[in-house]
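Below is one structure, written out as structure tokens; comments come after it.
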There are 2 protein chains.
Amino acid sequence: MRVDARRNYERVLAAATAAFAEEGPDASLNDIARRAGVGPGTLYRHFPNRQALQAAVLSERIEKLCGRAEELGSDEPAAALTAWLRALLMHARTDQGLGGAVLAGPVDLGLDCQQAIHRSGAALLTRAQRAGGIRTDVTVDDVVQLVAGIALAARHGTDPDQPDRLLCLVTDALHSPSE
Amino acid sequence: MRVDARRNYERVLAAATAAFAEEGPDASLNDIARRAGVGPGTLYRHFPNRQALQAAVLSERIEKLCGRAEELGSDEPAAALTAWLRALLMHARTDQGLGGAVLAGPVDLGLDCQQAIHRSGAALLTRAQRAGGIRTDVTVDDVVQLVAGIALAARHGTDPDQPDRLLCLVTDALHSPSE
DNA sequence: TGTACATCAGTGAACGCGCGTTCACTGATGTAC
DNA sequence: TGTACATCAGTGAACGCGCGTTCACTGATGTAC
């Protein structure tokens, strides 16, 4: 990759990160190019569409999230799940709900972003279920969807720690009440 | 109100209902006017902005929802709450998430739409809490937000009865586990 | 090391699109006589 | 009941806007000699 190409790639990525953080998932692509001090064409050279850009912005964070899941793999199963779900909620709320929108969205980012999250979540969930104390009638998809929902609904909320409270409610619910 | 005005009002409302059902909350206003066989100006005469139109479309349903809450007022408290939350979820999912978007949205519809829902919910919730068996550390706002979140996240989901499953999880969570 | 050149990247004006919104005009309605 | 008229409603072409996207052209980069 040529040095100027790499430089502009970085610039666009940084501008996109800032724009998504400020404007949310629907930030204008032209505006992102403008912020990056770059022509629209340059943006398109590197990122063929909005999803590619969103994926690029999120991928680093998603990797961290999956890394965190591995770290938690040695903790007490149920606690590890709870802790990771909290991290997942943080992720889903980043950039005005970009994370959550991608999680719940119709788009398949092509990359294994979402799949990676599901894999990480599945590992923690099934481990906790096998260890007992966590409901077995819940799928990873359910949990991820719930967390995404909390993040999406919270986007325009006024109470800043409502999402955490709701997550607590959900994690409580995961601790099987019947057995 | 003149007879032609009333007629067009109804037409626009019907067209809006259909459009929201098909396209979701962001359906084009020009398109709605077109469906109604009416000029854009006519639409604006009756509904100054999109929110007014959304409110008009939803208001009837919201009234029903509040009516249902009153009906349930004589049932067993916890069961009544659960049943109403299910109805609320149905509402939030109508029209591709229009109900949920309005519930969770930043907009104050001016009307007492959302307030009415909150009032109805509050009545059922506090009654159930007083009767015991329902967590007391949860507010109406929390519950409504959660239901809206489930609806929003479900918008692009593939599993048609996932929302119901998630709601069950939530209602289970409401049944206080600690006491 | 220096130069010529091919290749790749960037530019940015311009396009087409659909949106929300307006407003000068036409037409329908209801009312007063 | 019939007609004149004021008022209210509807029309729809047109506007401005910002969006995503393209492409002919210019410029920077790296390479071969």
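By convention here, the chains of the structure tokens are called A, B, ... in the order presented, each chain's residues are numbered starting at 1, and ligands are numbered starting at 1 in the order presented.
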Give me the residues near Tyr44 (chain A) as a list in words, where near means some atom within 12 Å (using only C-alpha atoms (C1' of nucleotides)) and where sequence neighbours in that chain fewer than 2 positions away do not count.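 Everything that qualifies: Asn8, Tyr9, Val12, Leu13, Leu29, Asn30, Ile32, Ala33, Val38, Gly39, Pro40, Gly41, Thr42, His46, Phe47, Pro48, Asn49, Arg50, Gln51, Ala52 and Leu53 of chain A; DA9 and DG10 of chain C; DG20, DT21 and DT22 of chain D.
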If we count only C-alpha atoms (C1' of nucleotides), which residues of chain D reach to within 12 Å of chain B? Please list them as a PyMOL selection string. chain D and resi 7-13
Mind dumping the selected residues with N, CA and C atoms (P, O5', C5', C4', C3', O3' and C1' of nucleotides) as a short mmCIF file (atom, residue, chain, number, x, y, z; two decimals), in the first residue's frame?
data_model
loop_
_atom_site.label_atom_id
_atom_site.label_comp_id
_atom_site.auth_asym_id
_atom_site.auth_seq_id
_atom_site.Cartn_x
_atom_site.Cartn_y
_atom_site.Cartn_z
P DT D 7 -64.69 36.99 4.33
"O5'" DT D 7 -64.42 35.44 4.60
"C5'" DT D 7 -65.52 34.61 5.03
"C4'" DT D 7 -65.16 33.16 4.84
"C3'" DT D 7 -63.71 32.82 5.19
"O3'" DT D 7 -63.70 31.65 5.97
"C1'" DT D 7 -64.26 31.95 3.08
P DC D 8 -62.62 31.51 7.16
"O5'" DC D 8 -62.21 29.98 6.97
"C5'" DC D 8 -63.24 29.03 6.75
"C4'" DC D 8 -62.86 28.10 5.62
"C3'" DC D 8 -61.49 27.44 5.81
"O3'" DC D 8 -61.69 26.06 6.06
"C1'" DC D 8 -61.90 28.09 3.54
P DA D 9 -60.43 25.14 6.21
"O5'" DA D 9 -60.33 24.57 4.75
"C5'" DA D 9 -61.44 23.88 4.19
"C4'" DA D 9 -61.01 23.14 2.95
"C3'" DA D 9 -59.70 22.38 3.09
"O3'" DA D 9 -59.84 21.11 2.48
"C1'" DA D 9 -59.51 23.96 1.33
P DG D 10 -58.58 20.26 2.16
"O5'" DG D 10 -58.31 20.65 0.65
"C5'" DG D 10 -59.33 20.40 -0.31
"C4'" DG D 10 -58.75 20.43 -1.69
"C3'" DG D 10 -57.50 19.57 -1.86
"O3'" DG D 10 -57.55 18.95 -3.14
"C1'" DG D 10 -56.96 21.83 -2.32
P DT D 11 -56.35 18.17 -3.69
"O5'" DT D 11 -55.63 19.26 -4.60
"C5'" DT D 11 -56.37 19.90 -5.63
"C4'" DT D 11 -55.42 20.64 -6.54
"C3'" DT D 11 -54.17 19.82 -6.90
"O3'" DT D 11 -54.07 19.79 -8.31
"C1'" DT D 11 -53.57 21.97 -6.07
P DG D 12 -53.49 18.54 -9.01
"O5'" DG D 12 -52.03 19.03 -9.35
"C5'" DG D 12 -51.83 20.33 -9.89
"C4'" DG D 12 -50.40 20.76 -9.68
"C3'" DG D 12 -49.37 19.63 -9.67
"O3'" DG D 12 -48.19 20.09 -10.27
"C1'" DG D 12 -49.17 20.83 -7.71
P DA D 13 -47.63 19.40 -11.56
"O5'" DA D 13 -46.77 20.56 -12.19
"C5'" DA D 13 -47.36 21.84 -12.42
"C4'" DA D 13 -46.46 22.94 -11.89
"C3'" DA D 13 -44.97 22.76 -12.19
"O3'" DA D 13 -44.44 24.05 -12.53
"C1'" DA D 13 -45.27 22.89 -9.85
#
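Distances to chain B were evaluated for A:Ala55, A:Ala148, A:Ala79, A:Leu167 using only C-alpha atoms, and the minimum falls at A:Ala148.
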How close does chain B get to chain A? List, as a Markdown table, each residue of chain B within 12 Å, its nearest atom pair and the distance in Å to one decimal, counting only C-alpha atoms.
| residue | atom | partner | partner_atom | distance |
| --- | --- | --- | --- | --- |
| B:Ala92 | CA | A:Ala153 | CA | 11.6 |
| B:Gly97 | CA | A:Ala153 | CA | 11.6 |
| B:Gly100 | CA | A:Ala153 | CA | 8.5 |
| B:Ala101 | CA | A:Ala153 | CA | 8.2 |
| B:Val102 | CA | A:Ala153 | CA | 10.3 |
| B:Leu103 | CA | A:Ala153 | CA | 8.7 |
| B:Ala104 | CA | A:Ala153 | CA | 5.4 |
| B:Gly105 | CA | A:His156 | CA | 5.9 |
| B:Pro106 | CA | A:His156 | CA | 5.2 |
| B:Val107 | CA | A:His156 | CA | 8.9 |
| B:Asp108 | CA | A:His156 | CA | 11.4 |
| B:Arg135 | CA | A:Leu169 | CA | 9.8 |
| B:Thr136 | CA | A:Leu169 | CA | 11.8 |
| B:Asp137 | CA | A:Arg165 | CA | 9.6 |
| B:Val138 | CA | A:Leu169 | CA | 8.7 |
| B:Thr139 | CA | A:Gln162 | CA | 10.1 |
| B:Val140 | CA | A:Gln162 | CA | 11.8 |
| B:Asp141 | CA | A:Gln162 | CA | 9.1 |
| B:Asp142 | CA | A:Leu166 | CA | 6.8 |
| B:Val143 | CA | A:Leu166 | CA | 8.5 |
| B:Val144 | CA | A:Ala153 | CA | 9.6 |
| B:Gln145 | CA | A:Ala153 | CA | 6.1 |
| B:Leu146 | CA | A:Ile150 | CA | 6.3 |
| B:Val147 | CA | A:Gly149 | CA | 8.6 |
| B:Ala148 | CA | A:Ala153 | CA | 6.3 |
| B:Gly149 | CA | A:Gly149 | CA | 3.9 |
| B:Ile150 | CA | A:Gly149 | CA | 5.2 |
| B:Ala151 | CA | A:Gly149 | CA | 7.5 |
| B:Leu152 | CA | A:Gly149 | CA | 6.2 |
| B:Ala153 | CA | A:Gly149 | CA | 4.7 |
| B:Ala154 | CA | A:Ala104 | CA | 7.4 |
| B:Arg155 | CA | A:Ala104 | CA | 8.1 |
| B:His156 | CA | A:Pro106 | CA | 5.2 |
| B:Gly157 | CA | A:Ala104 | CA | 7.2 |
| B:Thr158 | CA | A:Pro106 | CA | 9.2 |
| B:Asp159 | CA | A:Asp141 | CA | 9.9 |
| B:Asp161 | CA | A:Asp142 | CA | 10.9 |
| B:Gln162 | CA | A:Asp142 | CA | 7.2 |
| B:Pro163 | CA | A:Asp142 | CA | 8.8 |
| B:Asp164 | CA | A:Asp142 | CA | 10.7 |
| B:Arg165 | CA | A:Asp142 | CA | 8.2 |
| B:Leu166 | CA | A:Asp142 | CA | 6.8 |
| B:Leu167 | CA | A:Leu146 | CA | 9.5 |
| B:Cys168 | CA | A:Ala173 | CA | 9.8 |
| B:Leu169 | CA | A:Ala173 | CA | 6.3 |
| B:Val170 | CA | A:Val170 | CA | 6.6 |
| B:Thr171 | CA | A:Ala173 | CA | 8.6 |
| B:Asp172 | CA | A:Ala173 | CA | 6.4 |
| B:Ala173 | CA | A:Ala173 | CA | 4.4 |
| B:Leu174 | CA | A:Leu169 | CA | 7.8 |
| B:His175 | CA | A:Ala173 | CA | 9.1 |
| B:Ser176 | CA | A:Pro177 | CA | 9.6 |
| B:Pro177 | CA | A:Pro177 | CA | 6.8 |
| B:Ser178 | CA | A:Pro177 | CA | 9.8 |
| B:Glu179 | CA | A:Pro177 | CA | 11.8 |
Residue nearest Ser59 (chain B) among B:Ala122, B:Ile117, B:Ala128, B:Met90 (counting only C-alpha atoms):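 Closest to Ser59 (chain B), using only C-alpha atoms: B:Ile117.
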Region 25-28 of chain A surroundings by only C-alpha atoms (C1' of nucleotides), 8 Å radius, close-in-sequence under 4 positions cut, as a VMD selection string: (chain A and resid 19 to 20 32 54 95 to 98 101) or (chain D and resid 19)
Put those residues in a file: N, CA, C and O atoms (P, O5', C5', C4', C3', O3' and C1' of nucleotides), as a PDB file, in the first residue's frame.
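Saved as selection31.pdb:
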ATOM      1  N   ALA A  19     -17.069  11.425  13.495  1.00  0.00           N
ATOM      2  CA  ALA A  19     -18.396  11.764  12.980  1.00  0.00           C
ATOM      3  C   ALA A  19     -19.458  10.836  13.563  1.00  0.00           C
ATOM      4  O   ALA A  19     -20.523  11.291  13.988  1.00  0.00           O
ATOM      5  N   PHE A  20     -19.179   9.557  13.599  1.00  0.00           N
ATOM      6  CA  PHE A  20     -20.144   8.622  14.161  1.00  0.00           C
ATOM      7  C   PHE A  20     -20.377   8.927  15.634  1.00  0.00           C
ATOM      8  O   PHE A  20     -21.502   8.834  16.133  1.00  0.00           O
ATOM      9  N   ILE A  32     -17.909  13.290   6.334  1.00  0.00           N
ATOM     10  CA  ILE A  32     -16.743  12.554   6.840  1.00  0.00           C
ATOM     11  C   ILE A  32     -15.523  12.839   5.970  1.00  0.00           C
ATOM     12  O   ILE A  32     -14.430  13.112   6.466  1.00  0.00           O
ATOM     13  N   GLN A  54     -18.438   1.670   8.695  1.00  0.00           N
ATOM     14  CA  GLN A  54     -18.889   1.341  10.050  1.00  0.00           C
ATOM     15  C   GLN A  54     -18.121   0.129  10.576  1.00  0.00           C
ATOM     16  O   GLN A  54     -17.678   0.111  11.718  1.00  0.00           O
ATOM     17  N   ASP A  95     -20.817   5.505  20.118  1.00  0.00           N
ATOM     18  CA  ASP A  95     -21.123   6.257  18.905  1.00  0.00           C
ATOM     19  C   ASP A  95     -22.619   6.384  18.678  1.00  0.00           C
ATOM     20  O   ASP A  95     -23.127   6.085  17.598  1.00  0.00           O
ATOM     21  N   GLN A  96     -23.292   6.826  19.694  1.00  0.00           N
ATOM     22  CA  GLN A  96     -24.725   7.094  19.594  1.00  0.00           C
ATOM     23  C   GLN A  96     -25.516   5.884  19.123  1.00  0.00           C
ATOM     24  O   GLN A  96     -26.457   6.014  18.346  1.00  0.00           O
ATOM     25  N   GLY A  97     -25.089   4.730  19.523  1.00  0.00           N
ATOM     26  CA  GLY A  97     -25.841   3.537  19.163  1.00  0.00           C
ATOM     27  C   GLY A  97     -25.367   2.837  17.899  1.00  0.00           C
ATOM     28  O   GLY A  97     -26.031   1.924  17.424  1.00  0.00           O
ATOM     29  N   LEU A  98     -24.226   3.260  17.385  1.00  0.00           N
ATOM     30  CA  LEU A  98     -23.705   2.597  16.187  1.00  0.00           C
ATOM     31  C   LEU A  98     -23.504   1.113  16.446  1.00  0.00           C
ATOM     32  O   LEU A  98     -23.925   0.258  15.664  1.00  0.00           O
ATOM     33  N   ALA A 101     -26.826  -0.590  16.641  1.00  0.00           N
ATOM     34  CA  ALA A 101     -27.487  -0.608  15.335  1.00  0.00           C
ATOM     35  C   ALA A 101     -26.901  -1.708  14.466  1.00  0.00           C
ATOM     36  O   ALA A 101     -27.631  -2.422  13.772  1.00  0.00           O
TER      37      ALA A 101
ATOM     38  P    DC D  19     -25.449  15.958   4.293  1.00  0.00           P
ATOM     39  O5'  DC D  19     -25.710  14.606   3.497  1.00  0.00           O
ATOM     40  C5'  DC D  19     -26.890  13.870   3.772  1.00  0.00           C
ATOM     41  C4'  DC D  19     -27.221  13.014   2.579  1.00  0.00           C
ATOM     42  C3'  DC D  19     -26.041  12.235   2.037  1.00  0.00           C
ATOM     43  O3'  DC D  19     -25.926  11.011   2.764  1.00  0.00           O
ATOM     44  C1'  DC D  19     -27.393  13.148   0.272  1.00  0.00           C
TER      45       DC D  19
END
Atomic distance CA of Pro77 (chain B) - CA of Gly99 (chain B), expressed in Å with one decimal: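 Straight-line distance from CA of Pro77 (chain B) to CA of Gly99 (chain B) works out to 25.1 Å.
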Backbone-only DSSP, alpha helix (DSSP H) members of region 21-129 of chain A, as a PyMOL selection string: chain A and resi 21-23+29-36+40-46+50-71+77-104+113-129
CA of Gln129 (chain B) to CA of Leu85 (chain B): how many Å, to one decimal?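 These atoms are spaced 14.7 Å apart.
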